[in-house]
Structures are given as C-alpha cells and as structure tokens.
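Asker: Below is the file data.pdb, with PDB, C-alpha atoms.
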ATOM      1  CA  MET A   1     178.534  77.778 116.574  1.00  0.00           C
ATOM      2  CA  LYS A   2     175.081  77.152 117.994  1.00  0.00           C
ATOM      3  CA  VAL A   3     172.284  78.786 115.980  1.00  0.00           C
ATOM      4  CA  THR A   4     168.814  79.318 117.435  1.00  0.00           C
ATOM      5  CA  PRO A   5     165.923  80.709 115.376  1.00  0.00           C
ATOM      6  CA  THR A   6     163.702  83.286 117.066  1.00  0.00           C
ATOM      7  CA  PRO A   7     159.970  83.923 116.647  1.00  0.00           C
ATOM      8  CA  ILE A   8     160.863  86.700 114.149  1.00  0.00           C
ATOM      9  CA  ALA A   9     161.459  85.484 110.594  1.00  0.00           C
ATOM     10  CA  ASP A  10     165.175  85.504 109.643  1.00  0.00           C
ATOM     11  CA  VAL A  11     166.392  86.665 113.101  1.00  0.00           C
ATOM     12  CA  PHE A  12     168.861  84.281 114.756  1.00  0.00           C
ATOM     13  CA  ILE A  13     170.715  83.962 118.053  1.00  0.00           C
ATOM     14  CA  LEU A  14     174.313  82.919 117.397  1.00  0.00           C
ATOM     15  CA  GLU A  15     176.423  81.442 120.186  1.00  0.00           C
ATOM     16  CA  PRO A  16     180.100  80.915 119.361  1.00  0.00           C
ATOM     17  CA  ARG A  17     182.101  78.082 120.847  1.00  0.00           C
ATOM     18  CA  VAL A  18     184.034  79.408 123.821  1.00  0.00           C
ATOM     19  CA  PHE A  19     187.288  77.761 124.842  1.00  0.00           C
ATOM     20  CA  GLY A  20     188.226  78.762 128.365  1.00  0.00           C
ATOM     21  CA  ASP A  21     190.332  77.832 131.331  1.00  0.00           C
ATOM     22  CA  SER A  22     191.808  79.542 134.393  1.00  0.00           C
ATOM     23  CA  ARG A  23     193.811  81.895 132.129  1.00  0.00           C
ATOM     24  CA  GLY A  24     190.794  83.286 130.272  1.00  0.00           C
ATOM     25  CA  PHE A  25     188.978  82.335 127.079  1.00  0.00           C
ATOM     26  CA  PHE A  26     189.101  82.351 123.283  1.00  0.00           C
ATOM     27  CA  LEU A  27     186.214  82.545 120.840  1.00  0.00           C
ATOM     28  CA  GLU A  28     185.863  83.210 117.153  1.00  0.00           C
ATOM     29  CA  SER A  29     183.605  86.277 117.087  1.00  0.00           C
ATOM     30  CA  PHE A  30     183.024  86.200 113.328  1.00  0.00           C
ATOM     31  CA  ASN A  31     183.650  83.846 110.426  1.00  0.00           C
ATOM     32  CA  GLN A  32     182.016  84.741 107.088  1.00  0.00           C
ATOM     33  CA  ARG A  33     181.537  81.111 105.932  1.00  0.00           C
ATOM     34  CA  ALA A  34     180.084  80.011 109.278  1.00  0.00           C
ATOM     35  CA  PHE A  35     177.801  83.067 109.385  1.00  0.00           C
ATOM     36  CA  ASN A  36     176.518  82.444 105.845  1.00  0.00           C
ATOM     37  CA  ALA A  37     175.848  78.778 106.624  1.00  0.00           C
ATOM     38  CA  ALA A  38     174.131  79.601 109.931  1.00  0.00           C
ATOM     39  CA  THR A  39     171.823  82.283 108.515  1.00  0.00           C
ATOM     40  CA  GLY A  40     171.354  81.035 104.960  1.00  0.00           C
ATOM     41  CA  THR A  41     172.451  84.458 103.693  1.00  0.00           C
ATOM     42  CA  ASP A  42     175.345  85.887 101.727  1.00  0.00           C
ATOM     43  CA  PHE A  43     175.736  89.410 103.104  1.00  0.00           C
ATOM     44  CA  ASN A  44     178.971  91.352 103.112  1.00  0.00           C
ATOM     45  CA  PHE A  45     179.671  93.487 106.158  1.00  0.00           C
ATOM     46  CA  VAL A  46     180.966  96.979 105.385  1.00  0.00           C
ATOM     47  CA  GLN A  47     181.153  98.744 108.741  1.00  0.00           C
ATOM     48  CA  ASP A  48     181.938  97.879 112.366  1.00  0.00           C
ATOM     49  CA  ASN A  49     180.592 100.078 115.179  1.00  0.00           C
ATOM     50  CA  HIS A  50     181.352 100.254 118.897  1.00  0.00           C
ATOM     51  CA  SER A  51     179.279 102.147 121.454  1.00  0.00           C
ATOM     52  CA  ARG A  52     179.590 102.569 125.212  1.00  0.00           C
ATOM     53  CA  SER A  53     176.541 103.489 127.250  1.00  0.00           C
ATOM     54  CA  ALA A  54     175.648 103.949 130.917  1.00  0.00           C
ATOM     55  CA  LYS A  55     173.007 102.021 132.872  1.00  0.00           C
ATOM     56  CA  ASN A  56     169.404 102.645 131.738  1.00  0.00           C
ATOM     57  CA  VAL A  57     170.462 104.199 128.417  1.00  0.00           C
ATOM     58  CA  LEU A  58     168.015 103.072 125.768  1.00  0.00           C
ATOM     59  CA  ARG A  59     169.086 103.433 122.136  1.00  0.00           C
ATOM     60  CA  GLY A  60     166.538 102.888 119.381  1.00  0.00           C
ATOM     61  CA  LEU A  61     164.419 101.740 117.788  1.00  0.00           C
ATOM     62  CA  HIS A  62     166.537 102.639 114.732  1.00  0.00           C
ATOM     63  CA  TYR A  63     166.338 101.672 111.073  1.00  0.00           C
ATOM     64  CA  GLN A  64     167.293 103.101 107.671  1.00  0.00           C
ATOM     65  CA  LEU A  65     164.862 103.501 104.769  1.00  0.00           C
ATOM     66  CA  GLY A  66     166.761 103.522 101.467  1.00  0.00           C
ATOM     67  CA  GLN A  67     169.845 101.744 102.768  1.00  0.00           C
ATOM     68  CA  PRO A  68     168.554  99.160 105.255  1.00  0.00           C
ATOM     69  CA  GLN A  69     171.280  97.713 107.422  1.00  0.00           C
ATOM     70  CA  GLY A  70     171.565  94.153 108.595  1.00  0.00           C
ATOM     71  CA  LYS A  71     173.273  94.098 111.992  1.00  0.00           C
ATOM     72  CA  LEU A  72     175.240  91.399 113.768  1.00  0.00           C
ATOM     73  CA  VAL A  73     175.286  92.644 117.369  1.00  0.00           C
ATOM     74  CA  ARG A  74     177.112  91.590 120.538  1.00  0.00           C
ATOM     75  CA  VAL A  75     178.201  92.901 123.932  1.00  0.00           C
ATOM     76  CA  VAL A  76     181.831  92.728 125.063  1.00  0.00           C
ATOM     77  CA  ARG A  77     181.433  94.495 128.426  1.00  0.00           C
ATOM     78  CA  GLY A  78     178.333  94.542 130.611  1.00  0.00           C
ATOM     79  CA  ALA A  79     174.823  93.500 129.597  1.00  0.00           C
ATOM     80  CA  VAL A  80     171.952  94.825 127.503  1.00  0.00           C
ATOM     81  CA  PHE A  81     168.395  93.864 126.641  1.00  0.00           C
ATOM     82  CA  ASP A  82     168.490  93.795 122.841  1.00  0.00           C
ATOM     83  CA  VAL A  83     165.354  94.148 120.688  1.00  0.00           C
ATOM     84  CA  ALA A  84     164.554  93.557 117.013  1.00  0.00           C
ATOM     85  CA  VAL A  85     161.208  94.705 115.530  1.00  0.00           C
ATOM     86  CA  ASP A  86     159.972  93.357 112.202  1.00  0.00           C
ATOM     87  CA  ILE A  87     158.936  96.330 110.063  1.00  0.00           C
ATOM     88  CA  ARG A  88     158.919  94.448 106.733  1.00  0.00           C
ATOM     89  CA  PRO A  89     155.328  94.758 105.462  1.00  0.00           C
ATOM     90  CA  ALA A  90     155.479  91.465 103.509  1.00  0.00           C
ATOM     91  CA  SER A  91     156.904  89.483 106.437  1.00  0.00           C
ATOM     92  CA  PRO A  92     154.779  86.890 108.254  1.00  0.00           C
ATOM     93  CA  THR A  93     156.053  88.398 111.534  1.00  0.00           C
ATOM     94  CA  PHE A  94     155.395  92.065 110.601  1.00  0.00           C
ATOM     95  CA  GLY A  95     154.853  94.200 113.712  1.00  0.00           C
ATOM     96  CA  GLN A  96     156.298  91.630 116.118  1.00  0.00           C
ATOM     97  CA  TRP A  97     159.310  92.114 118.371  1.00  0.00           C
ATOM     98  CA  PHE A  98     161.860  89.834 119.963  1.00  0.00           C
ATOM     99  CA  GLY A  99     164.185  90.643 122.842  1.00  0.00           C
ATOM    100  CA  LEU A 100     166.941  88.883 124.752  1.00  0.00           C
ATOM    101  CA  GLU A 101     169.867  89.633 127.017  1.00  0.00           C
ATOM    102  CA  LEU A 102     173.274  89.936 125.417  1.00  0.00           C
ATOM    103  CA  SER A 103     176.221  90.058 127.795  1.00  0.00           C
ATOM    104  CA  GLU A 104     179.933  89.615 128.150  1.00  0.00           C
ATOM    105  CA  GLU A 105     179.171  86.406 130.067  1.00  0.00           C
ATOM    106  CA  ASN A 106     176.826  84.681 127.609  1.00  0.00           C
ATOM    107  CA  HIS A 107     178.751  85.741 124.434  1.00  0.00           C
ATOM    108  CA  ARG A 108     175.511  85.629 122.432  1.00  0.00           C
ATOM    109  CA  GLN A 109     175.147  87.525 119.198  1.00  0.00           C
ATOM    110  CA  LEU A 110     171.922  88.512 117.462  1.00  0.00           C
ATOM    111  CA  TRP A 111     171.553  88.648 113.689  1.00  0.00           C
ATOM    112  CA  VAL A 112     169.074  91.415 112.790  1.00  0.00           C
ATOM    113  CA  PRO A 113     168.544  91.309 109.008  1.00  0.00           C
ATOM    114  CA  PRO A 114     167.952  94.387 106.835  1.00  0.00           C
ATOM    115  CA  GLY A 115     164.438  95.763 107.146  1.00  0.00           C
ATOM    116  CA  LEU A 116     164.092  95.496 110.918  1.00  0.00           C
ATOM    117  CA  ALA A 117     164.235  98.185 113.579  1.00  0.00           C
ATOM    118  CA  HIS A 118     166.727  97.656 116.391  1.00  0.00           C
ATOM    119  CA  GLY A 119     167.342  98.983 119.887  1.00  0.00           C
ATOM    120  CA  PHE A 120     168.802  98.086 123.254  1.00  0.00           C
ATOM    121  CA  LEU A 121     168.589  98.973 126.950  1.00  0.00           C
ATOM    122  CA  VAL A 122     171.717  98.870 129.138  1.00  0.00           C
ATOM    123  CA  LEU A 123     171.177  96.616 132.177  1.00  0.00           C
ATOM    124  CA  SER A 124     174.646  96.836 133.767  1.00  0.00           C
ATOM    125  CA  ASP A 125     176.464  99.896 135.150  1.00  0.00           C
ATOM    126  CA  SER A 126     177.781 100.402 131.627  1.00  0.00           C
ATOM    127  CA  ALA A 127     177.974  98.335 128.456  1.00  0.00           C
ATOM    128  CA  GLU A 128     180.142  98.172 125.372  1.00  0.00           C
ATOM    129  CA  PHE A 129     178.156  97.139 122.336  1.00  0.00           C
ATOM    130  CA  LEU A 130     179.742  96.060 119.030  1.00  0.00           C
ATOM    131  CA  TYR A 131     177.971  95.516 115.753  1.00  0.00           C
ATOM    132  CA  LYS A 132     178.755  94.809 112.132  1.00  0.00           C
ATOM    133  CA  THR A 133     176.507  96.305 109.428  1.00  0.00           C
ATOM    134  CA  THR A 134     175.701  95.234 105.872  1.00  0.00           C
ATOM    135  CA  ASP A 135     175.381  98.821 104.621  1.00  0.00           C
ATOM    136  CA  TYR A 136     176.918 102.140 105.534  1.00  0.00           C
ATOM    137  CA  TYR A 137     175.371 104.540 108.008  1.00  0.00           C
ATOM    138  CA  ALA A 138     173.279 107.083 106.095  1.00  0.00           C
ATOM    139  CA  PRO A 139     171.999 109.772 108.494  1.00  0.00           C
ATOM    140  CA  GLU A 140     169.559 111.118 105.907  1.00  0.00           C
ATOM    141  CA  GLN A 141     167.962 107.637 105.713  1.00  0.00           C
ATOM    142  CA  GLU A 142     167.840 106.997 109.475  1.00  0.00           C
ATOM    143  CA  ARG A 143     164.466 106.792 111.198  1.00  0.00           C
ATOM    144  CA  CYS A 144     163.353 105.988 114.739  1.00  0.00           C
ATOM    145  CA  ILE A 145     160.283 104.342 116.240  1.00  0.00           C
ATOM    146  CA  VAL A 146     159.603 105.505 119.783  1.00  0.00           C
ATOM    147  CA  TRP A 147     160.770 102.965 122.371  1.00  0.00           C
ATOM    148  CA  ASN A 148     157.443 102.771 124.249  1.00  0.00           C
ATOM    149  CA  ASP A 149     155.067 102.507 121.291  1.00  0.00           C
ATOM    150  CA  PRO A 150     151.809 100.972 122.604  1.00  0.00           C
ATOM    151  CA  THR A 151     151.173  99.047 119.366  1.00  0.00           C
ATOM    152  CA  LEU A 152     154.432  97.137 119.813  1.00  0.00           C
ATOM    153  CA  GLY A 153     154.201  96.797 123.592  1.00  0.00           C
ATOM    154  CA  ILE A 154     157.868  95.950 124.099  1.00  0.00           C
ATOM    155  CA  ALA A 155     158.477  94.634 127.625  1.00  0.00           C
ATOM    156  CA  TRP A 156     161.657  96.583 128.389  1.00  0.00           C
ATOM    157  CA  PRO A 157     163.099  95.402 131.762  1.00  0.00           C
ATOM    158  CA  LEU A 158     163.172  98.875 133.311  1.00  0.00           C
ATOM    159  CA  GLU A 159     162.259  97.726 136.840  1.00  0.00           C
ATOM    160  CA  GLY A 160     160.124 100.830 137.346  1.00  0.00           C
ATOM    161  CA  GLY A 161     162.809 103.219 136.122  1.00  0.00           C
ATOM    162  CA  THR A 162     162.833 105.655 133.256  1.00  0.00           C
ATOM    163  CA  PRO A 163     165.261 105.131 130.380  1.00  0.00           C
ATOM    164  CA  LEU A 164     167.860 107.712 129.420  1.00  0.00           C
ATOM    165  CA  LEU A 165     167.152 108.756 125.822  1.00  0.00           C
ATOM    166  CA  SER A 166     168.796 110.940 123.213  1.00  0.00           C
ATOM    167  CA  GLY A 167     166.670 113.771 121.825  1.00  0.00           C
ATOM    168  CA  LYS A 168     166.344 111.855 118.557  1.00  0.00           C
ATOM    169  CA  ASP A 169     165.114 108.715 120.319  1.00  0.00           C
ATOM    170  CA  ALA A 170     162.674 110.637 122.538  1.00  0.00           C
ATOM    171  CA  ALA A 171     161.169 112.187 119.373  1.00  0.00           C
ATOM    172  CA  GLY A 172     160.707 108.822 117.618  1.00  0.00           C
ATOM    173  CA  LEU A 173     157.554 108.188 115.610  1.00  0.00           C
ATOM    174  CA  SER A 174     154.822 105.757 116.565  1.00  0.00           C
ATOM    175  CA  PHE A 175     154.904 102.401 114.806  1.00  0.00           C
ATOM    176  CA  LYS A 176     151.770 103.320 112.821  1.00  0.00           C
ATOM    177  CA  GLU A 177     153.303 106.630 111.699  1.00  0.00           C
ATOM    178  CA  ALA A 178     156.684 105.131 110.844  1.00  0.00           C
ATOM    179  CA  VAL A 179     155.698 101.937 109.067  1.00  0.00           C
ATOM    180  CA  PRO A 180     153.047 101.635 106.358  1.00  0.00           C
ATOM    181  CA  ALA A 181     150.466  98.917 106.990  1.00  0.00           C
ATOM    182  CA  PRO A 182     150.788  95.874 104.701  1.00  0.00           C
TER     183      PRO A 182
END
Translate the structure of the given file into structure tokens.
Answerer:
Amino acid sequence: MKVTPTPIADVFILEPRVFGDSRGFFLESFNQRAFNAATGTDFNFVQDNHSRSAKNVLRGLHYQLGQPQGKLVRVVRGAVFDVAVDIRPASPTFGQWFGLELSEENHRQLWVPPGLAHGFLVLSDSAEFLYKTTDYYAPEQERCIVWNDPTLGIAWPLEGGTPLLSGKDAAGLSFKEAVPAP
C-alpha cells in the first residue's frame, strides 16, 4: 500500500496495490495491520456505510461531537471530490481543508481521523461511496458546517453549477458558529 501524507495533520491518502489483467482486477481494500502501520494508529472500525448519490449531490460537512468518528472512505463506482476539514482546536492545521478526487479508477482511499469534518461532491453521473467508521452513528451528536463557508473557502469543483443539498446540509452552521476558536 502506498501512503501519502496530506497538508492536514493525521490525514492520509492510501492507495492499495491493484493486480489487474484483461479479466479485471483484485485489490485488498482493507487490512487492519497494514492500516495501523500506515497511519500510526490503532483504531477499531465498528460500522461500514454505503451511499449512492447523483451528480452534483454534495453531502457534508458532517462531524459528531461526543462520539467523533474516524472515517476510511473510498469510491467503488463513479467519482467524487472528497474533503476533510480540521476542526480540532489544538491541531496545528486547525481550520484548514484538504480535498482530492476519489474514483473507481484511482482506487484511492482517504483516512479522515476523529475530530475532522467530512464531505464530498459527486463528479460523475452517480457515485457509490463506501466508508468504515471508528464509532457508531449518533444522530443526536451529528453536526454540519455549511458547504460554502467563506472562512474555509473550499474550492468545490462545481463548474458554475449549484450543488444538490439535503435540508440538513443546506442549514449547516458557519465554521465560526460550529467550532470554538482555539
């Protein structure tokens, strides 16, 4: 597995070895020992999630307060622009974001540790997005930062379009309202 650090502390791009030929391909999508060695962590994953979304759907920026979730995310069909935002007040990269394309072609995964907000924009006609979490979904703990917060200035590749949002995501808080200053 190839591991690439990102500008955000503790966030890594993971690229599994892909073995392919004219018949198709094989890859190991997750191995606990390899993940621990790559990230320097020892998290247990407790939940796997799968979502399907149409083009221009933007989900996020989500996080949980009392039960922060680490997420190992990947795309198995289509392509998304995936974003992690550091909302850990003690972090050296507090208030910064990182984004990259995840797709069925590049097989990349992104490790988003607990304490970060996460979201994605669907770039293809549709996308199937899979992610493992280090804690259970707790709706009463879930919060959302609005996708177009001017303090964060995320460069979503919308190509002049408007994203399709859920009511919850459209009503997200500003970064300054959602996250206490360090």
Asker: Leaving out stretch 155-160 of chain A and any residue of its chain fewer than 2 positions from it, which residues lie within 9 Å of it when counting all atoms listed in the file, given as a PyMOL selection string?
Answerer: chain A and resi 56+81+83+99+120-121+123+147-148+153+162-163
Asker: Pull out every residue that the PyMOL selection byres ((chain A and resi 16) around 7) matches in the shown coordinates and put them as a VMD selection string.
Answerer: chain A and resid 1 to 2 14 to 15 17 to 18 27 to 29
Asker: Go through stretch 54-162 of chain A residue by residue and, counting only C-alpha atoms, keep those with an atom at most 12 Å from stretch 167-182 of chain A; for each kept residue give the shortest atom pair and its distance in Å to one decimal, ordered by chain and increasing number, as a Markdown table.
Answerer:
| residue | atom | partner | partner_atom | distance |
| --- | --- | --- | --- | --- |
| A:Val57 | CA | A:Asp169 | CA | 10.7 |
| A:Leu58 | CA | A:Asp169 | CA | 8.4 |
| A:Arg59 | CA | A:Asp169 | CA | 6.9 |
| A:Gly60 | CA | A:Asp169 | CA | 6.1 |
| A:Leu61 | CA | A:Asp169 | CA | 7.5 |
| A:His62 | CA | A:Asp169 | CA | 8.4 |
| A:Tyr63 | CA | A:Ala178 | CA | 10.3 |
| A:Gln64 | CA | A:Ala178 | CA | 11.3 |
| A:Leu65 | CA | A:Val179 | CA | 10.2 |
| A:Val85 | CA | A:Phe175 | CA | 10.0 |
| A:Asp86 | CA | A:Val179 | CA | 10.1 |
| A:Ile87 | CA | A:Val179 | CA | 6.6 |
| A:Arg88 | CA | A:Val179 | CA | 8.5 |
| A:Pro89 | CA | A:Pro182 | CA | 4.7 |
| A:Ala90 | CA | A:Pro182 | CA | 6.5 |
| A:Ser91 | CA | A:Pro182 | CA | 9.0 |
| A:Pro92 | CA | A:Pro182 | CA | 10.5 |
| A:Thr93 | CA | A:Pro182 | CA | 11.4 |
| A:Phe94 | CA | A:Pro182 | CA | 8.4 |
| A:Gly95 | CA | A:Phe175 | CA | 8.3 |
| A:Gln96 | CA | A:Phe175 | CA | 10.9 |
| A:Trp97 | CA | A:Phe175 | CA | 11.7 |
| A:Gly115 | CA | A:Val179 | CA | 10.9 |
| A:Leu116 | CA | A:Val179 | CA | 10.7 |
| A:Ala117 | CA | A:Phe175 | CA | 10.3 |
| A:His118 | CA | A:Asp169 | CA | 11.8 |
| A:Gly119 | CA | A:Asp169 | CA | 10.0 |
| A:Phe120 | CA | A:Asp169 | CA | 11.6 |
| A:Pro139 | CA | A:Lys168 | CA | 11.7 |
| A:Glu142 | CA | A:Lys168 | CA | 10.4 |
| A:Arg143 | CA | A:Gly172 | CA | 7.7 |
| A:Cys144 | CA | A:Gly172 | CA | 4.8 |
| A:Ile145 | CA | A:Gly172 | CA | 4.7 |
| A:Val146 | CA | A:Gly172 | CA | 4.1 |
| A:Trp147 | CA | A:Asp169 | CA | 7.5 |
| A:Asn148 | CA | A:Ser174 | CA | 8.7 |
| A:Asp149 | CA | A:Ser174 | CA | 5.7 |
| A:Pro150 | CA | A:Ser174 | CA | 8.3 |
| A:Thr151 | CA | A:Phe175 | CA | 6.8 |
| A:Leu152 | CA | A:Phe175 | CA | 7.3 |
| A:Gly153 | CA | A:Phe175 | CA | 10.4 |
| A:Ile154 | CA | A:Phe175 | CA | 11.7 |
| A:Thr162 | CA | A:Ala170 | CA | 11.8 |
Asker: Nearest residue to A:Asp10 out of A:Ser126, A:Thr39, A:Gln32, A:Ser22, using all atoms listed in the file?
Answerer: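 Between A:Ser126, A:Thr39, A:Gln32, A:Ser22, the residue approaching A:Asp10 most closely is A:Thr39.
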Asker: Please, which residues are within 8 Å of (177.2, 76.7, 113.1) by the file's coordinates, counting only C-alpha atoms, and could they come as a ChimeraX atom specification?
Answerer: /A:1-3,34-35,37-38
